[in-house]
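Peer 1: Following this line is final-v1.pdb, made up of PDB, C-alpha atoms:
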ATOM      1  CA  ASP A   1     -17.280  13.754  17.881
ATOM      2  CA  ASP A   2     -18.708  14.174  14.394
ATOM      3  CA  LEU A   3     -15.844  16.443  13.331
ATOM      4  CA  VAL A   4     -13.161  14.067  14.605
ATOM      5  CA  GLN A   5     -14.123  11.486  11.984
ATOM      6  CA  LEU A   6     -13.720  14.101   9.255
ATOM      7  CA  VAL A   7     -10.185  15.159  10.164
ATOM      8  CA  SER A   8      -8.583  12.001  11.512
ATOM      9  CA  PRO A   9      -7.118   9.322   9.249
ATOM     10  CA  LYS A  10      -8.683   5.871   9.269
ATOM     11  CA  THR A  11      -5.246   4.303   9.650
ATOM     12  CA  ILE A  12      -2.097   5.589  11.344
ATOM     13  CA  ILE A  13       1.046   3.646  10.547
ATOM     14  CA  TYR A  14       4.007   4.139  12.856
ATOM     15  CA  CYS A  15       7.299   3.606  11.087
ATOM     16  CA  GLU A  16      10.955   3.991  11.928
ATOM     17  CA  GLY A  17      12.562   7.400  11.725
ATOM     18  CA  ARG A  18      13.142  10.704  13.428
ATOM     19  CA  ASP A  19      10.378  11.021  15.986
ATOM     20  CA  ALA A  20      10.491  14.726  16.868
ATOM     21  CA  PRO A  21       8.460  16.962  14.538
ATOM     22  CA  SER A  22       9.800  20.215  13.153
ATOM     23  CA  GLY A  23       9.102  23.518  14.899
ATOM     24  CA  THR A  24       5.954  23.866  12.788
ATOM     25  CA  GLY A  25       4.785  20.352  13.668
ATOM     26  CA  SER A  26       5.550  18.799  10.287
ATOM     27  CA  GLU A  27       6.961  15.295   9.872
ATOM     28  CA  ARG A  28      10.769  15.064   9.911
ATOM     29  CA  GLY A  29      11.053  11.281   9.710
ATOM     30  CA  PHE A  30      12.393  10.382   6.290
ATOM     31  CA  ASP A  31      10.639   7.022   5.849
ATOM     32  CA  ALA A  32       7.296   8.552   6.831
ATOM     33  CA  LYS A  33       7.788  11.335   4.294
ATOM     34  CA  LEU A  34       8.532   8.781   1.579
ATOM     35  CA  PHE A  35       5.614   6.512   2.477
ATOM     36  CA  ASN A  36       3.238   9.489   2.609
ATOM     37  CA  SER A  37       4.525  10.569  -0.803
ATOM     38  CA  ILE A  38       4.073   7.095  -2.295
ATOM     39  CA  PHE A  39       0.624   6.393  -0.829
ATOM     40  CA  GLY A  40      -0.732   9.901  -0.193
ATOM     41  CA  GLU A  41      -2.813  10.101  -3.329
ATOM     42  CA  SER A  42      -4.153   6.548  -3.474
ATOM     43  CA  HIS A  43      -4.655   6.093   0.292
ATOM     44  CA  GLN A  44      -5.771   9.506   1.485
ATOM     45  CA  ASP A  45      -7.156   8.072   4.731
ATOM     46  CA  VAL A  46      -3.741   6.694   5.806
ATOM     47  CA  LEU A  47      -1.053   8.650   7.645
ATOM     48  CA  PHE A  48       2.521   7.451   8.190
ATOM     49  CA  VAL A  49       4.191   8.827  11.317
ATOM     50  CA  SER A  50       7.809   8.381  12.405
ATOM     51  CA  SER A  51       8.251   7.155  15.933
ATOM     52  CA  GLY A  52      11.956   6.593  16.516
ATOM     53  CA  GLY A  53      14.028   3.456  16.173
ATOM     54  CA  ASN A  54      13.052  -0.191  16.287
ATOM     55  CA  THR A  55      12.466  -0.520  20.061
ATOM     56  CA  GLU A  56      11.034   2.986  20.484
ATOM     57  CA  LEU A  57       8.554   2.137  17.771
ATOM     58  CA  ASP A  58       7.100  -0.705  19.848
ATOM     59  CA  GLN A  59       6.813   1.398  23.007
ATOM     60  CA  ARG A  60       5.364   4.489  21.363
ATOM     61  CA  SER A  61       2.862   2.632  19.213
ATOM     62  CA  SER A  62       1.533   0.822  22.300
ATOM     63  CA  ILE A  63       1.010   4.137  24.068
ATOM     64  CA  ALA A  64      -0.591   5.639  20.975
ATOM     65  CA  LEU A  65      -2.897   2.650  20.608
ATOM     66  CA  ALA A  66      -4.066   3.015  24.206
ATOM     67  CA  ILE A  67      -4.672   6.769  23.932
ATOM     68  CA  LEU A  68      -5.875   7.169  20.355
ATOM     69  CA  SER A  69      -8.280   4.238  20.482
ATOM     70  CA  LYS A  70     -10.115   6.145  23.229
ATOM     71  CA  ALA A  71      -9.933   9.561  21.567
ATOM     72  CA  LEU A  72     -10.450   8.391  17.985
ATOM     73  CA  PRO A  73     -12.541   5.226  17.976
ATOM     74  CA  GLY A  74     -12.295   3.374  14.716
ATOM     75  CA  VAL A  75      -8.753   4.499  13.917
ATOM     76  CA  GLU A  76      -6.540   1.552  13.069
ATOM     77  CA  ILE A  77      -2.939   1.813  14.311
ATOM     78  CA  LEU A  78      -0.257  -0.272  12.650
ATOM     79  CA  VAL A  79       3.468  -0.657  13.311
ATOM     80  CA  LEU A  80       5.680  -0.966  10.228
ATOM     81  CA  LYS A  81       9.310  -2.023  10.520
ATOM     82  CA  ASP A  82      12.153  -2.541   8.117
ATOM     83  CA  ARG A  83      13.299  -6.125   7.818
ATOM     84  CA  ASP A  84      16.540  -5.253   9.611
ATOM     85  CA  ILE A  85      14.723  -5.924  12.903
ATOM     86  CA  SER A  86      17.626  -7.926  14.333
ATOM     87  CA  SER A  87      19.875  -4.924  15.006
ATOM     88  CA  GLY A  88      21.735  -5.195  11.718
ATOM     89  CA  ARG A  89      22.086  -8.993  11.657
ATOM     90  CA  LEU A  90      20.697 -10.843   8.675
ATOM     91  CA  THR A  91      16.974 -11.420   9.051
ATOM     92  CA  SER A  92      15.571 -14.017   6.667
ATOM     93  CA  GLU A  93      12.044 -14.145   5.316
ATOM     94  CA  ASN A  94      11.408 -16.982   7.762
ATOM     95  CA  ASP A  95      12.668 -14.804  10.670
ATOM     96  CA  ARG A  96      10.235 -12.130   9.472
ATOM     97  CA  LYS A  97       7.346 -14.608   9.548
ATOM     98  CA  VAL A  98       8.276 -15.850  13.025
ATOM     99  CA  TYR A  99       8.449 -12.247  14.259
ATOM    100  CA  LEU A 100       4.982 -11.505  12.863
ATOM    101  CA  GLU A 101       3.494 -14.686  14.345
ATOM    102  CA  ASN A 102       4.786 -13.775  17.805
ATOM    103  CA  ASN A 103       3.927 -10.085  17.931
ATOM    104  CA  PRO A 104       0.644  -8.192  18.026
ATOM    105  CA  LYS A 105      -1.525  -8.475  14.914
ATOM    106  CA  ASN A 106      -1.036  -4.783  14.133
ATOM    107  CA  HIS A 107       2.673  -5.307  13.348
ATOM    108  CA  ARG A 108       3.983  -5.318   9.788
ATOM    109  CA  VAL A 109       7.511  -5.940   8.469
ATOM    110  CA  LEU A 110       8.751  -5.095   4.994
ATOM    111  CA  HIS A 111       9.602  -8.048   2.767
ATOM    112  CA  ARG A 112      12.729  -6.243   1.628
ATOM    113  CA  TRP A 113      15.579  -5.116   3.886
ATOM    114  CA  GLU A 114      14.713  -1.391   3.973
ATOM    115  CA  LEU A 115      12.716   1.172   2.031
ATOM    116  CA  GLU A 116      15.742   1.887  -0.179
ATOM    117  CA  ASN A 117      15.483  -1.671  -1.523
ATOM    118  CA  TYR A 118      12.176  -0.634  -3.068
ATOM    119  CA  LEU A 119      13.355   2.778  -4.299
ATOM    120  CA  TYR A 120      16.505   1.283  -5.846
ATOM    121  CA  ASP A 121      14.591  -1.439  -7.649
ATOM    122  CA  LYS A 122      15.472  -1.619 -11.339
ATOM    123  CA  GLU A 123      11.863  -0.904 -12.320
ATOM    124  CA  ILE A 124      11.854   2.433 -10.473
ATOM    125  CA  LEU A 125      15.339   3.487 -11.572
ATOM    126  CA  GLN A 126      14.510   2.747 -15.224
ATOM    127  CA  ARG A 127      11.346   4.885 -15.020
ATOM    128  CA  TYR A 128      13.287   7.695 -13.381
ATOM    129  CA  CYS A 129      16.058   7.579 -15.984
ATOM    130  CA  LEU A 130      13.628   7.450 -18.885
ATOM    131  CA  ASP A 131      11.754  10.484 -17.573
ATOM    132  CA  LYS A 132      14.970  12.438 -16.874
ATOM    133  CA  GLN A 133      16.556  11.415 -20.198
ATOM    134  CA  LEU A 134      19.376   9.601 -18.432
ATOM    135  CA  ILE A 135      21.004   6.361 -19.557
ATOM    136  CA  PHE A 136      20.501   3.570 -17.023
ATOM    137  CA  ASN A 137      23.450   1.152 -16.897
ATOM    138  CA  GLU A 138      21.484  -2.052 -16.414
ATOM    139  CA  GLU A 139      24.503  -4.297 -16.885
ATOM    140  CA  GLU A 140      26.475  -2.646 -14.053
ATOM    141  CA  TYR A 141      23.351  -2.528 -11.899
ATOM    142  CA  ASN A 142      22.755  -6.269 -12.377
ATOM    143  CA  ARG A 143      26.379  -6.998 -11.508
ATOM    144  CA  PHE A 144      26.131  -5.081  -8.244
ATOM    145  CA  VAL A 145      22.544  -5.719  -7.088
ATOM    146  CA  GLU A 146      22.564  -9.458  -6.583
ATOM    147  CA  ASN A 147      19.592  -9.649  -4.221
ATOM    148  CA  ILE A 148      17.162  -6.710  -4.172
ATOM    149  CA  ASN A 149      15.359  -8.128  -1.125
ATOM    150  CA  ASP A 150      18.289  -8.742   1.210
ATOM    151  CA  GLN A 151      21.190  -6.555   0.091
ATOM    152  CA  ASN A 152      22.018  -3.435   2.100
ATOM    153  CA  LEU A 153      21.518  -0.733  -0.539
ATOM    154  CA  LYS A 154      20.883   2.206   1.788
ATOM    155  CA  ASP A 155      24.620   2.870   2.049
ATOM    156  CA  GLU A 156      25.096   2.634  -1.729
ATOM    157  CA  THR A 157      23.214   5.721  -2.879
ATOM    158  CA  GLY A 158      26.301   7.105  -4.655
ATOM    159  CA  ARG A 159      26.725   3.914  -6.632
ATOM    160  CA  ILE A 160      23.013   3.758  -7.498
ATOM    161  CA  LYS A 161      23.178   7.377  -8.672
ATOM    162  CA  ASN A 162      26.108   6.433 -10.953
ATOM    163  CA  PHE A 163      24.052   3.601 -12.497
ATOM    164  CA  CYS A 164      21.625   6.321 -13.549
ATOM    165  CA  GLY A 165      24.382   8.289 -15.258
ATOM    166  CA  ILE A 166      24.290  11.083 -12.682
ATOM    167  CA  ASN A 167      27.832  12.407 -12.435
ATOM    168  CA  THR A 168      27.118  15.556 -10.456
ATOM    169  CA  SER A 169      26.801  15.900  -6.723
ATOM    170  CA  ILE A 170      23.205  15.511  -5.582
ATOM    171  CA  ASN A 171      21.582  15.347  -2.177
ATOM    172  CA  PRO A 172      20.854  11.665  -1.318
ATOM    173  CA  GLU A 173      17.566  12.514   0.431
ATOM    174  CA  SER A 174      16.370  14.593  -2.525
ATOM    175  CA  PHE A 175      17.314  11.752  -4.870
ATOM    176  CA  LYS A 176      15.228   9.288  -2.829
ATOM    177  CA  ILE A 177      12.282  11.693  -2.631
ATOM    178  CA  ASN A 178      12.398  12.071  -6.407
ATOM    179  CA  LEU A 179      12.569   8.294  -6.890
ATOM    180  CA  ALA A 180       9.527   7.837  -4.630
ATOM    181  CA  ARG A 181       7.464   9.760  -7.202
ATOM    182  CA  TYR A 182       7.989   6.882  -9.629
ATOM    183  CA  VAL A 183       6.609   4.258  -7.236
ATOM    184  CA  SER A 184       3.128   4.490  -8.708
ATOM    185  CA  PRO A 185       0.171   2.083  -8.511
ATOM    186  CA  ASP A 186       1.035   0.581 -11.907
ATOM    187  CA  THR A 187       4.427  -0.689 -10.682
ATOM    188  CA  GLY A 188       5.215  -4.042  -9.106
ATOM    189  CA  VAL A 189       7.205  -2.218  -6.426
ATOM    190  CA  TYR A 190       4.116  -0.239  -5.378
ATOM    191  CA  ARG A 191       1.947  -3.355  -5.209
ATOM    192  CA  GLU A 192       4.544  -5.154  -3.087
ATOM    193  CA  LEU A 193       4.837  -2.214  -0.672
ATOM    194  CA  GLU A 194       1.053  -1.921  -0.474
ATOM    195  CA  GLN A 195       0.810  -5.555   0.655
TER     196      GLN A 195
END
Just dump the structure as structure tokens.
Peer 2:
Amino acid sequence: DDLVQLVSPKTIIYCEGRDAPSGTGSERGFDAKLFNSIFGESHQDVLFVSSGGNTELDQRSSIALAILSKALPGVEILVLKDRDISSGRLTSENDRKVYLENNPKNHRVLHRWELENYLYDKEILQRYCLDKQLIFNEEEYNRFVENINDQNLKDETGRIKNFCGINTSINPESFKINLARYVSPDTGVYRELEQ
């Protein structure tokens, strides 16, 4: 019992993404990898775990809560969802609030549409470009990104890459992982995600 407290996180946050681990047991869910990268250093007692899609997330987190609360007393289990909780239909901030009011208290929903809406925030892209000595086309970015909270940017990785002056072929997942490194505690994006 004493050792369990030393090795278990204080908070486990189930998020959307590929639920099956790799053959070595490591996390394969992309959102969980990104969240762990963003918060790993500042919140070392928190672990993000992928648990499938929107509905699977509810089912699996309920099972985990029932089992883990017995095995690991004191571990808080949260459920974190993207704001696209209405199967792709537009979900307003008010819809988000209604969802949270009518679901268990351990549920959380992002203020922005998906995690990419945080990664593709101008603040993060400018930091990335500055560090990589790239020229960020803010004018084109502003023309395209009309609403950072609600716009579907996940499918626009190629366009976002072009705003950064990247003309070569790059892996979209690697690009996002690299951007996540710039979501640091001194950014507004980090503080919003932390809330």
Peer 1: Hey, what's within 7 Å of Lys81 (chain A) if we count all atoms listed in the file and toss same-chain stuff fewer than 2 positions away? As number ranges by chain, please?
Peer 2: A: 15-16, 79, 83, 108-110
Peer 1: Nearest to Phe30 (chain A): which of A:Val49, A:Val183, A:Ile148, A:Val189 is it, counting all atoms listed in the file?
Peer 2: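 Ranking A:Val49, A:Val183, A:Ile148, A:Val189 by distance to Phe30 (chain A), first place goes to A:Val49.
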Peer 1: Quick check, in Å to one decimal: how far apart do CA of Ser50 (chain A) and CA of Leu119 (chain A) lie?
Peer 2: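 CA of Leu119 (chain A) lies 18.5 Å from CA of Ser50 (chain A).
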Peer 1: May I ask which of the residues A:Asn147, A:Glu123, A:Glu173, A:Leu130 is the closest one to Asp186 (chain A), counting all atoms listed in the file?
Peer 2: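 Ranking A:Asn147, A:Glu123, A:Glu173, A:Leu130 by distance to Asp186 (chain A), first place goes to A:Glu123.
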Peer 1: Residues picked by the PyMOL selection byres ((chain A and resi 91) around 12) here, as a PDB file with C-alpha atoms, in the coordinates of the input?
Peer 2:
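So out.pdb came out as:
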ATOM      1  CA  ASP A  82      12.153  -2.541   8.117  1.00  0.00           C
ATOM      2  CA  ARG A  83      13.299  -6.125   7.818  1.00  0.00           C
ATOM      3  CA  ASP A  84      16.540  -5.253   9.611  1.00  0.00           C
ATOM      4  CA  ILE A  85      14.723  -5.924  12.903  1.00  0.00           C
ATOM      5  CA  SER A  86      17.626  -7.926  14.333  1.00  0.00           C
ATOM      6  CA  SER A  87      19.875  -4.924  15.006  1.00  0.00           C
ATOM      7  CA  GLY A  88      21.735  -5.195  11.718  1.00  0.00           C
ATOM      8  CA  ARG A  89      22.086  -8.993  11.657  1.00  0.00           C
ATOM      9  CA  LEU A  90      20.697 -10.843   8.675  1.00  0.00           C
ATOM     10  CA  SER A  92      15.571 -14.017   6.667  1.00  0.00           C
ATOM     11  CA  GLU A  93      12.044 -14.145   5.316  1.00  0.00           C
ATOM     12  CA  ASN A  94      11.408 -16.982   7.762  1.00  0.00           C
ATOM     13  CA  ASP A  95      12.668 -14.804  10.670  1.00  0.00           C
ATOM     14  CA  ARG A  96      10.235 -12.130   9.472  1.00  0.00           C
ATOM     15  CA  LYS A  97       7.346 -14.608   9.548  1.00  0.00           C
ATOM     16  CA  VAL A  98       8.276 -15.850  13.025  1.00  0.00           C
ATOM     17  CA  TYR A  99       8.449 -12.247  14.259  1.00  0.00           C
ATOM     18  CA  VAL A 109       7.511  -5.940   8.469  1.00  0.00           C
ATOM     19  CA  LEU A 110       8.751  -5.095   4.994  1.00  0.00           C
ATOM     20  CA  HIS A 111       9.602  -8.048   2.767  1.00  0.00           C
ATOM     21  CA  ARG A 112      12.729  -6.243   1.628  1.00  0.00           C
ATOM     22  CA  TRP A 113      15.579  -5.116   3.886  1.00  0.00           C
ATOM     23  CA  GLU A 114      14.713  -1.391   3.973  1.00  0.00           C
ATOM     24  CA  ASN A 149      15.359  -8.128  -1.125  1.00  0.00           C
ATOM     25  CA  ASP A 150      18.289  -8.742   1.210  1.00  0.00           C
ATOM     26  CA  GLN A 151      21.190  -6.555   0.091  1.00  0.00           C
ATOM     27  CA  ASN A 152      22.018  -3.435   2.100  1.00  0.00           C
TER      28      ASN A 152
END
Peer 1: Provide an axis-aligned box for all listed atoms of region 131-141 of chain A, padding each side by 3 Å; report its centre and its edge lengths in Å to one decimal, as AutoDock Vina command-line options.
Peer 2:
--center_x 19.1 --center_y 4.1 --center_z -16.0 --size_x 20.7 --size_y 22.7 --size_z 14.3
Peer 1: Would you pick out the contacts of Leu134 (chain A) at 7 Å or less, using only C-alpha atoms, so that residues sharing its chain but fewer than 3 positions from it are not included, and give the list as a ChimeraX atom specification?
Peer 2: /A:129-130,164-165
Peer 1: Could you save the residues just selected, with C-alpha atoms, as a PDB file, in the coordinates of the input?
Peer 2:
ATOM      1  CA  CYS A 129      16.058   7.579 -15.984  1.00  0.00           C
ATOM      2  CA  LEU A 130      13.628   7.450 -18.885  1.00  0.00           C
ATOM      3  CA  CYS A 164      21.625   6.321 -13.549  1.00  0.00           C
ATOM      4  CA  GLY A 165      24.382   8.289 -15.258  1.00  0.00           C
TER       5      GLY A 165
END
Peer 1: Region 147-187 of chain A near region 33-47 of chain A within 10 Å: what's each residue's closest atom pair and its distance in Å to one decimal, counting only C-alpha atoms, ordered by chain then ascending residue number, as JSON lines?
Peer 2:
{"residue": "A:Glu173", "atom": "CA", "partner": "A:Leu34", "partner_atom": "CA", "distance": 9.8}
{"residue": "A:Lys176", "atom": "CA", "partner": "A:Leu34", "partner_atom": "CA", "distance": 8.0}
{"residue": "A:Ile177", "atom": "CA", "partner": "A:Leu34", "partner_atom": "CA", "distance": 6.3}
{"residue": "A:Asn178", "atom": "CA", "partner": "A:Leu34", "partner_atom": "CA", "distance": 9.5}
{"residue": "A:Leu179", "atom": "CA", "partner": "A:Leu34", "partner_atom": "CA", "distance": 9.4}
{"residue": "A:Ala180", "atom": "CA", "partner": "A:Ile38", "partner_atom": "CA", "distance": 6.0}
{"residue": "A:Arg181", "atom": "CA", "partner": "A:Ile38", "partner_atom": "CA", "distance": 6.5}
{"residue": "A:Tyr182", "atom": "CA", "partner": "A:Ile38", "partner_atom": "CA", "distance": 8.3}
{"residue": "A:Val183", "atom": "CA", "partner": "A:Ile38", "partner_atom": "CA", "distance": 6.2}
{"residue": "A:Ser184", "atom": "CA", "partner": "A:Ile38", "partner_atom": "CA", "distance": 7.0}
{"residue": "A:Pro185", "atom": "CA", "partner": "A:Ser42", "partner_atom": "CA", "distance": 8.0}
Peer 1: Find, counting all atoms listed in the file, the residue in A:Tyr128, A:Ile77, A:Asn167, A:Lys122 that gets nearest to Phe144 (chain A).
Peer 2: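 Answer, going by the shortest atom-to-atom distance: A:Lys122.
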Peer 1: Have a look at A:Asn137, A:Ile12, A:Asp131, A:Gly17 and name the one nearest to Leu78 (chain A); count all atoms listed in the file.
Peer 2: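 Distance minimum relative to Leu78 (chain A) lands on A:Ile12.
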Peer 1: Of the residues A:Glu192, A:Tyr14, A:Pro9, A:Ile160, which is the one nearest to Asn106 (chain A), using only C-alpha atoms?
Peer 2: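 Nearest to Asn106 (chain A): A:Tyr14.
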